[in-house]
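Below: my_file.json (JSON, C-alpha atoms)
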[["chain", "number", "residue", "atom", "x", "y", "z"],
["A", 1, "MET", "CA", 2.24, 13.16, 3.92],
["A", 2, "THR", "CA", 1.19, 9.74, 2.78],
["A", 3, "THR", "CA", 0.03, 8.87, 6.29],
["A", 4, "THR", "CA", -1.66, 11.61, 8.30],
["A", 5, "ARG", "CA", -1.52, 11.81, 12.08],
["A", 6, "GLU", "CA", -5.22, 11.01, 12.25],
["A", 7, "GLN", "CA", -4.76, 7.87, 10.16],
["A", 8, "PHE", "CA", -1.76, 6.82, 12.22],
["A", 9, "GLU", "CA", -3.66, 7.19, 15.50],
["A", 10, "GLN", "CA", -6.66, 5.31, 14.08],
["A", 11, "ARG", "CA", -4.47, 2.42, 12.99],
["A", 12, "LEU", "CA", -2.71, 2.40, 16.33],
["A", 13, "ALA", "CA", -6.02, 2.33, 18.20],
["A", 14, "ALA", "CA", -7.04, -0.73, 16.18],
["A", 15, "LEU", "CA", -3.74, -2.48, 16.99],
["A", 16, "HIS", "CA", -4.46, -4.39, 20.19],
["A", 17, "ASP", "CA", -1.61, -6.92, 20.11],
["A", 18, "PRO", "CA", 1.01, -6.27, 22.84],
["A", 19, "TRP", "CA", 3.73, -7.37, 20.40],
["A", 20, "VAL", "CA", 3.69, -6.41, 16.71],
["A", 21, "THR", "CA", 5.34, -7.77, 13.56],
["A", 22, "ARG", "CA", 7.20, -6.01, 10.76],
["A", 23, "LYS", "CA", 4.10, -6.29, 8.57],
["A", 24, "GLN", "CA", 2.07, -4.56, 11.24],
["A", 25, "LEU", "CA", 4.70, -1.80, 11.29],
["A", 26, "GLU", "CA", 4.25, -1.42, 7.54],
["A", 27, "HIS", "CA", 0.49, -1.05, 7.93],
["A", 28, "LEU", "CA", 0.85, 1.32, 10.87],
["A", 29, "ALA", "CA", 3.18, 3.60, 8.93],
["A", 30, "GLY", "CA", 1.56, 3.05, 5.53],
["A", 31, "VAL", "CA", 4.90, 2.27, 3.88],
["A", 32, "SER", "CA", 6.57, -0.58, 2.00],
["A", 33, "PRO", "CA", 8.76, -3.35, 3.49],
["A", 34, "LYS", "CA", 11.80, -1.69, 1.86],
["A", 35, "THR", "CA", 11.10, 1.56, 3.68],
["A", 36, "ILE", "CA", 10.82, -0.25, 7.03],
["A", 37, "ARG", "CA", 14.16, -1.97, 6.32],
["A", 38, "ASN", "CA", 15.78, 1.37, 5.51],
["A", 39, "TRP", "CA", 14.38, 2.93, 8.67],
["A", 40, "VAL", "CA", 15.59, 0.05, 10.82],
["A", 41, "GLU", "CA", 19.09, 0.32, 9.35],
["A", 42, "ALA", "CA", 19.20, 4.04, 10.07],
["A", 43, "HIS", "CA", 17.42, 3.89, 13.45],
["A", 44, "PRO", "CA", 17.67, 0.39, 15.00],
["A", 45, "ILE", "CA", 14.92, -0.68, 17.38],
["A", 46, "PRO", "CA", 16.35, -1.43, 20.85],
["A", 47, "GLU", "CA", 16.83, -5.20, 21.23],
["A", 48, "ALA", "CA", 15.54, -5.00, 24.80],
["A", 49, "ASN", "CA", 12.11, -4.13, 23.36],
["A", 50, "THR", "CA", 11.99, -6.98, 20.87],
["A", 51, "ARG", "CA", 11.62, -10.73, 21.05],
["A", 52, "THR", "CA", 11.41, -13.72, 18.72],
["A", 53, "GLY", "CA", 8.01, -15.22, 17.99],
["A", 54, "ALA", "CA", 6.85, -18.26, 16.05],
["A", 55, "ARG", "CA", 8.89, -19.14, 12.94],
["A", 56, "ASN", "CA", 11.64, -16.78, 14.12],
["A", 57, "THR", "CA", 9.43, -13.76, 13.48],
["A", 58, "GLN", "CA", 10.74, -10.58, 15.06],
["A", 59, "LEU", "CA", 8.21, -9.05, 17.45],
["A", 60, "ILE", "CA", 8.37, -5.50, 18.79],
["A", 61, "GLU", "CA", 6.73, -4.23, 21.96],
["A", 62, "ARG", "CA", 3.65, -2.25, 20.93],
["A", 63, "GLU", "CA", 4.45, 1.06, 22.64],
["A", 64, "THR", "CA", 8.03, 0.96, 21.40],
["A", 65, "ALA", "CA", 6.78, 0.30, 17.88],
["A", 66, "ALA", "CA", 4.28, 3.17, 18.12],
["A", 67, "LYS", "CA", 6.93, 5.66, 19.28],
["A", 68, "TRP", "CA", 9.40, 4.44, 16.69],
["A", 69, "VAL", "CA", 6.97, 4.75, 13.77],
["A", 70, "ARG", "CA", 5.67, 8.10, 15.02],
["A", 71, "ALA", "CA", 9.23, 9.42, 15.10],
["A", 72, "ARG", "CA", 9.94, 8.21, 11.57],
["A", 73, "LEU", "CA", 6.73, 9.76, 10.19],
["A", 74, "PHE", "CA", 6.47, 12.97, 12.17],
["A", 75, "GLY", "CA", 9.80, 13.47, 13.97],
["A", 76, "ASP", "CA", 8.05, 13.32, 17.35],
["A", 77, "LYS", "CA", 11.14, 12.79, 19.49],
["A", 78, "ASP", "CA", 14.57, 14.32, 20.04],
["A", 79, "GLY", "CA", 17.05, 13.59, 17.30],
["A", 80, "ALA", "CA", 14.41, 12.33, 14.86],
["A", 81, "ALA", "CA", 14.43, 15.36, 12.62],
["A", 82, "ASP", "CA", 16.96, 13.69, 10.32],
["A", 83, "ALA", "CA", 14.93, 10.50, 9.96],
["A", 84, "PRO", "CA", 14.58, 9.31, 6.35],
["A", 85, "SER", "CA", 11.35, 10.59, 4.94],
["A", 86, "GLY", "CA", 10.45, 7.39, 3.11],
["A", 87, "PRO", "CA", 7.44, 7.55, 0.77],
["A", 88, "ARG", "CA", 5.88, 10.67, 2.23],
["A", 89, "LEU", "CA", 4.48, 13.71, 0.46],
["A", 90, "ALA", "CA", 5.80, 17.20, 0.82],
["A", 91, "ALA", "CA", 4.81, 18.93, 4.04],
["A", 92, "GLU", "CA", 4.28, 22.24, 2.22],
["A", 93, "PRO", "CA", 2.48, 22.82, -1.10],
["A", 94, "ARG", "CA", 4.85, 23.23, -4.03],
["A", 95, "PRO", "CA", 3.86, 24.74, -7.40],
["A", 96, "MET", "CA", 4.62, 22.34, -10.25],
["A", 97, "THR", "CA", 5.81, 24.31, -13.27],
["A", 98, "HIS", "CA", 5.84, 22.73, -16.70],
["A", 99, "ALA", "CA", 6.00, 23.51, -20.39],
["A", 100, "PRO", "CA", 2.88, 23.27, -22.61],
["A", 101, "GLY", "CA", 2.24, 19.69, -23.64],
["A", 102, "GLU", "CA", 4.86, 18.28, -21.27],
["A", 103, "ARG", "CA", 4.40, 14.73, -19.95],
["A", 104, "TRP", "CA", 5.92, 13.28, -16.80],
["A", 105, "SER", "CA", 7.01, 9.86, -15.61],
["A", 106, "ARG", "CA", 6.45, 8.79, -12.02],
["A", 107, "VAL", "CA", 10.13, 9.46, -11.30],
["A", 108, "GLU", "CA", 9.85, 12.99, -12.68],
["A", 109, "ILE", "CA", 6.74, 13.69, -10.60],
["A", 110, "ALA", "CA", 8.53, 12.37, -7.50],
["A", 111, "ARG", "CA", 11.53, 14.59, -8.21],
["A", 112, "GLN", "CA", 9.30, 17.66, -8.45],
["A", 113, "ARG", "CA", 7.56, 16.79, -5.20],
["A", 114, "GLY", "CA", 10.77, 15.88, -3.41],
["A", 115, "VAL", "CA", 9.54, 12.39, -2.50],
["A", 116, "THR", "CA", 10.12, 8.78, -3.56],
["A", 117, "PRO", "CA", 8.55, 7.28, -6.71],
["A", 118, "GLY", "CA", 6.83, 4.83, -4.38],
["A", 119, "ALA", "CA", 4.91, 7.70, -2.77],
["A", 120, "ILE", "CA", 3.60, 8.73, -6.18],
["A", 121, "GLY", "CA", 2.70, 5.12, -6.95],
["A", 122, "ASN", "CA", 0.76, 4.86, -3.69],
["A", 123, "LEU", "CA", -1.19, 8.02, -4.51],
["A", 124, "ALA", "CA", -1.93, 6.83, -8.03],
["A", 125, "GLN", "CA", -3.29, 3.58, -6.59],
["A", 126, "ALA", "CA", -5.25, 5.18, -3.76],
["A", 127, "TYR", "CA", -6.87, 7.84, -5.94],
["A", 128, "GLY", "CA", -7.06, 5.96, -9.23],
["A", 129, "GLU", "CA", -10.82, 5.61, -8.96],
["A", 130, "HIS", "CA", -11.63, 8.64, -6.83],
["A", 131, "PRO", "CA", -15.19, 9.73, -7.74],
["A", 132, "ILE", "CA", -14.30, 13.43, -8.00],
["A", 133, "ARG", "CA", -10.53, 13.77, -8.31],
["A", 134, "PRO", "CA", -9.00, 10.61, -9.83],
["A", 135, "PHE", "CA", -5.23, 10.65, -10.15],
["A", 136, "PRO", "CA", -4.26, 11.46, -13.77],
["A", 137, "PRO", "CA", -3.84, 8.18, -15.68],
["A", 138, "THR", "CA", -0.85, 7.18, -17.78],
["A", 139, "GLY", "CA", -1.03, 7.09, -21.54],
["A", 140, "GLU", "CA", 0.35, 4.53, -23.96],
["A", 141, "ASP", "CA", 3.80, 6.04, -23.34],
["A", 142, "ARG", "CA", 3.47, 5.34, -19.58],
["A", 143, "LEU", "CA", 3.61, 9.10, -18.95],
["A", 144, "ARG", "CA", 1.07, 11.47, -17.42],
["A", 145, "ASP", "CA", -0.06, 14.86, -18.69],
["A", 146, "ALA", "CA", 1.92, 17.43, -16.69],
["A", 147, "ASP", "CA", -0.91, 19.98, -16.67],
["A", 148, "ALA", "CA", -3.34, 17.39, -15.26],
["A", 149, "VAL", "CA", -0.81, 16.28, -12.64],
["A", 150, "ALA", "CA", -0.12, 19.86, -11.54],
["A", 151, "ALA", "CA", -3.86, 20.56, -11.26],
["A", 152, "TRP", "CA", -4.40, 17.38, -9.25],
["A", 153, "PHE", "CA", -1.67, 18.25, -6.76],
["A", 154, "ALA", "CA", -3.00, 21.79, -6.46],
["A", 155, "TRP", "CA", -6.27, 20.21, -5.28],
["A", 156, "TYR", "CA", -4.46, 17.72, -3.05],
["A", 157, "ASP", "CA", -2.33, 20.39, -1.40],
["A", 158, "ALA", "CA", -5.40, 22.53, -0.75],
["A", 159, "GLU", "CA", -7.57, 19.72, 0.64],
["A", 160, "ARG", "CA", -5.00, 17.39, 2.24],
["A", 161, "PRO", "CA", -7.49, 14.50, 2.10],
["A", 162, "GLY", "CA", -4.95, 11.89, 3.29],
["A", 163, "TYR", "CA", -3.62, 8.71, 1.74],
["A", 164, "SER", "CA", -6.82, 6.64, 1.63],
["A", 165, "GLY", "CA", -9.17, 9.49, 0.74],
["A", 166, "LYS", "CA", -11.57, 11.46, 2.90],
["A", 167, "SER", "CA", -13.59, 9.79, 5.63],
["A", 168, "ALA", "CA", -16.69, 10.25, 3.50],
["A", 169, "ASP", "CA", -15.09, 8.12, 0.78],
["A", 170, "ARG", "CA", -14.31, 5.37, 3.29],
["A", 171, "ALA", "CA", -17.87, 5.54, 4.61],
["A", 172, "ASP", "CA", -19.18, 5.02, 1.08],
["A", 173, "THR", "CA", -17.03, 1.90, 0.76],
["A", 174, "SER", "CA", -18.28, 0.57, 4.10],
["A", 175, "GLN", "CA", -21.88, 1.09, 3.07],
["A", 176, "ALA", "CA", -21.26, -0.77, -0.19],
["A", 177, "LEU", "CA", -20.06, -3.79, 1.78],
["A", 178, "ALA", "CA", -23.19, -4.90, 3.55],
["A", 179, "GLY", "CA", -24.17, -8.01, 5.51],
["A", 180, "ARG", "CA", -21.86, -10.99, 5.56],
["A", 181, "VAL", "CA", -19.50, -9.47, 3.01],
["A", 182, "ALA", "CA", -18.88, -6.59, 5.42],
["A", 183, "GLU", "CA", -18.03, -9.14, 8.12],
["A", 184, "VAL", "CA", -15.51, -10.77, 5.80],
["A", 185, "ALA", "CA", -14.07, -7.34, 4.98],
["A", 186, "ASP", "CA", -13.45, -6.81, 8.69],
["A", 187, "LEU", "CA", -11.72, -10.20, 8.91],
["A", 188, "LEU", "CA", -9.61, -9.24, 5.93],
["A", 189, "ARG", "CA", -8.57, -5.88, 7.38],
["A", 190, "THR", "CA", -7.58, -7.60, 10.63],
["A", 191, "ALA", "CA", -5.48, -10.11, 8.70],
["A", 192, "ILE", "CA", -3.73, -7.29, 6.84],
["A", 193, "ALA", "CA", -3.05, -5.39, 10.07],
["A", 194, "ARG", "CA", -1.60, -8.51, 11.71],
["A", 195, "GLY", "CA", 0.25, -9.68, 8.63],
["A", 196, "THR", "CA", -1.38, -13.10, 8.75],
["A", 197, "ASP", "CA", -2.86, -15.18, 5.93],
["A", 198, "LEU", "CA", -6.61, -15.71, 5.68],
["A", 199, "THR", "CA", -7.96, -18.97, 4.31],
["A", 200, "THR", "CA", -11.35, -19.76, 2.86],
["A", 201, "GLU", "CA", -11.74, -22.43, 5.51],
["A", 202, "THR", "CA", -11.25, -19.86, 8.28],
["A", 203, "VAL", "CA", -13.89, -17.58, 6.76],
["A", 204, "ALA", "CA", -16.30, -20.49, 6.30],
["A", 205, "ALA", "CA", -15.88, -21.58, 9.92],
["A", 206, "GLN", "CA", -16.21, -18.02, 11.24],
["A", 207, "LEU", "CA", -19.41, -17.33, 9.30],
["A", 208, "LYS", "CA", -20.71, -20.92, 9.46],
["A", 209, "VAL", "CA", -21.18, -21.11, 5.70],
["A", 210, "SER", "CA", -19.98, -23.51, 3.02],
["A", 211, "PRO", "CA", -16.53, -23.05, 1.45],
["A", 212, "ASP", "CA", -18.13, -22.07, -1.86],
["A", 213, "VAL", "CA", -20.11, -19.26, -0.21],
["A", 214, "ALA", "CA", -17.06, -18.18, 1.76],
["A", 215, "THR", "CA", -15.06, -17.98, -1.47],
["A", 216, "ARG", "CA", -17.63, -15.63, -3.02],
["A", 217, "TYR", "CA", -17.74, -13.44, 0.09],
["A", 218, "LEU", "CA", -13.95, -13.31, 0.27],
["A", 219, "SER", "CA", -13.65, -12.37, -3.39],
["A", 220, "ARG", "CA", -16.11, -9.48, -3.07],
["A", 221, "ALA", "CA", -14.50, -8.22, 0.13],
["A", 222, "ALA", "CA", -11.01, -8.38, -1.37],
["A", 223, "GLN", "CA", -12.07, -6.28, -4.36],
["A", 224, "ALA", "CA", -12.96, -3.45, -2.00],
["A", 225, "VAL", "CA", -10.39, -3.86, 0.79],
["A", 226, "MET", "CA", -7.14, -4.65, -1.03],
["A", 227, "PRO", "CA", -6.98, -1.36, -2.99],
["A", 228, "GLU", "CA", -7.39, 0.49, 0.31],
["A", 229, "HIS", "CA", -4.02, -0.92, 1.36],
["A", 230, "GLY", "CA", -2.28, -0.65, -2.02],
["A", 231, "LEU", "CA", -2.31, -4.44, -2.49],
["A", 232, "ILE", "CA", -2.60, -6.28, -5.79],
["A", 233, "ALA", "CA", -3.29, -9.95, -6.48],
["A", 234, "ARG", "CA", -0.67, -11.92, -8.38],
["A", 235, "ARG", "CA", -3.13, -12.49, -11.22],
["A", 236, "GLN", "CA", -3.50, -8.70, -11.58],
["A", 237, "ILE", "CA", 0.21, -8.06, -12.13],
["A", 238, "PRO", "CA", -0.07, -8.44, -15.95],
["A", 239, "ASP", "CA", -2.38, -5.40, -15.88],
["A", 240, "LEU", "CA", 0.68, -3.33, -14.93],
["A", 241, "PHE", "CA", 2.58, -4.26, -18.11],
["A", 242, "PRO", "CA", 2.89, -1.51, -20.71],
["A", 243, "ALA", "CA", 0.16, -1.78, -23.35],
["A", 244, "ALA", "CA", 2.64, -2.87, -26.02],
["A", 245, "ILE", "CA", 3.72, -5.87, -23.94],
["A", 246, "ARG", "CA", 0.18, -6.82, -22.93],
["A", 247, "ASN", "CA", -0.95, -6.75, -26.55],
["A", 248, "ALA", "CA", 2.02, -8.81, -27.71],
["A", 249, "LEU", "CA", 1.57, -11.62, -25.17],
["A", 250, "THR", "CA", -1.14, -14.20, -24.71],
["A", 251, "PRO", "CA", -2.65, -14.57, -21.21],
["A", 252, "LEU", "CA", -0.50, -17.67, -20.70],
["A", 253, "GLN", "CA", 2.64, -15.83, -21.80],
["A", 254, "GLN", "CA", 1.77, -12.96, -19.45],
["A", 255, "ARG", "CA", 1.50, -15.37, -16.53],
["A", 256, "GLU", "CA", 4.83, -16.94, -17.45],
["A", 257, "ARG", "CA", 6.42, -13.51, -17.61],
["A", 258, "VAL", "CA", 5.12, -12.72, -14.12],
["A", 259, "LYS", "CA", 6.49, -16.03, -12.88],
["A", 260, "THR", "CA", 9.92, -15.18, -14.32],
["A", 261, "LEU", "CA", 9.93, -11.68, -12.82],
["A", 262, "LEU", "CA", 9.01, -12.96, -9.36],
["A", 263, "ARG", "CA", 11.95, -15.37, -9.44],
["A", 264, "ARG", "CA", 14.39, -12.46, -9.54],
["A", 265, "ARG", "CA", 16.52, -11.95, -6.47],
["A", 266, "ALA", "CA", 15.21, -8.40, -6.04],
["A", 267, "ALA", "CA", 11.56, -9.40, -6.51],
["A", 268, "PRO", "CA", 9.15, -8.56, -3.68],
["A", 269, "THR", "CA", 7.58, -11.28, -1.58],
["A", 270, "PRO", "CA", 3.82, -11.58, -0.97],
["A", 271, "VAL", "CA", 2.44, -9.48, 1.86],
["A", 272, "LEU", "CA", -0.10, -12.18, 2.66],
["A", 273, "VAL", "CA", -2.15, -14.96, 1.08],
["A", 274, "VAL", "CA", -5.93, -14.66, 1.02],
["A", 275, "GLY", "CA", -8.04, -17.61, -0.06],
["A", 276, "GLY", "CA", -5.03, -19.11, -1.82],
["A", 277, "THR", "CA", -4.24, -15.88, -3.70],
["A", 278, "GLU", "CA", -0.93, -14.12, -3.14],
["A", 279, "TYR", "CA", -1.11, -10.34, -2.66],
["A", 280, "TYR", "CA", 1.77, -7.94, -3.20],
["A", 281, "ARG", "CA", 2.24, -4.26, -2.53],
["A", 282, "ARG", "CA", 1.58, -2.55, -5.84],
["A", 283, "ALA", "CA", 4.30, 0.03, -5.13],
["A", 284, "ASP", "CA", 6.84, -2.82, -4.84],
["A", 285, "VAL", "CA", 5.70, -4.65, -7.98],
["A", 286, "GLU", "CA", 5.47, -1.67, -10.35],
["A", 287, "PRO", "CA", 9.26, -1.02, -10.52],
["A", 288, "LEU", "CA", 9.85, -4.71, -11.22],
["A", 289, "VAL", "CA", 7.33, -4.70, -14.08],
["A", 290, "THR", "CA", 8.41, -1.43, -15.66],
["A", 291, "SER", "CA", 12.09, -2.45, -15.61],
["A", 292, "SER", "CA", 11.45, -5.76, -17.36]]

Entire entry expressed as structure tokens:
Amino acid sequence: MTTTREQFEQRLAALHDPWVTRKQLEHLAGVSPKTIRNWVEAHPIPEANTRTGARNTQLIERETAAKWVRARLFGDKDGAADAPSGPRLAAEPRPMTHAPGERWSRVEIARQRGVTPGAIGNLAQAYGEHPIRPFPPTGEDRLRDADAVAAWFAWYDAERPGYSGKSADRADTSQALAGRVAEVADLLRTAIARGTDLTTETVAAQLKVSPDVATRYLSRAAQAVMPEHGLIARRQIPDLFPAAIRNALTPLQQRERVKTLLRRRAAPTPVLVVGGTEYYRRADVEPLVTSS
């Protein structure tokens, strides 16, 4: 599964607020806003356990939220066995057969695994730079080598390392973020968990440093933390364009294309704003970019 029980319990233990937001539900479950919406439609949260917060934000009682997410992910309550799976990975290993030289799109990989394309996108993001087993990259045709994909999933199914990699990998990241940058990384993770924006001024006041120093700290922390949560800065969206489009457009034209795409009715909204930079879930942005 995309989110393991251990990861779920760790996230829940770090969630101290008595009332939680939709964004906190997304982080707790490790899924996209669309998946949360689909789950709510299929399994409404009792109104008696919700309330309205600032700016008409829906708040859900923490224990109710925990039980509700646990049921959606693991079926841990009566009648939850038919809950939509959302972007989860197959519970049992499945051999991935293919012809010699075959290449797969994300949709084709998802079909073979019996999951959503978003689940495959999340894995590709989470393991894109794995030091030992990076997720097979796409070629110029936006497809992945089927043999490499099958071999990668054979490893994944055997090891079951979990969505964000093994604990050793996370420890390596924590060690790389030392001193004040590590403090900012903690502030950033808290902001993501709570679904609240984080400004440079807040970081500067918290650390008692100048705004310029806070900006540098925040930038370094974001480089490490945002990929952990499958988040991408708005300025990074042009990197998702197919090579042919990137090569045909100037940087200015790429930015204008992003601006046009994000005006679409079906375009995703930012998850949060950090230091004036909007961050989106990569899994939500990729379909928008590839369909353009």

Measuring between only C-alpha atoms, which one of A:Leu123, A:His98, A:His43, A:Val274 shows the shortest distance to Leu187 of chain A? A:Val274

Please list as a PyMOL selection string every residue within 10 Å of Ile45 of chain A, counting all atoms listed in the file and excluding residues in the same chain fewer than 6 positions away. chain A and resi 39+60+64-65+68

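With distances restricted to only C-alpha atoms, A:Ala148 is the closest residue to Pro100 of chain A from A:Phe241, A:Glu61, A:Ala148, A:Pro137.
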
Anything within 10 Å of (-2.5, -14.0, 5.3): list those residues as a ChimeraX atom specification, counting only C-alpha atoms and sticking to the file's coordinates. /A:188,190-199,270-279

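When only C-alpha atoms are used to compute distances to Glu201 of chain A, the closest of the residues A:Ile120, A:Leu25, A:Ala214, A:Leu262 turns out to be A:Ala214.
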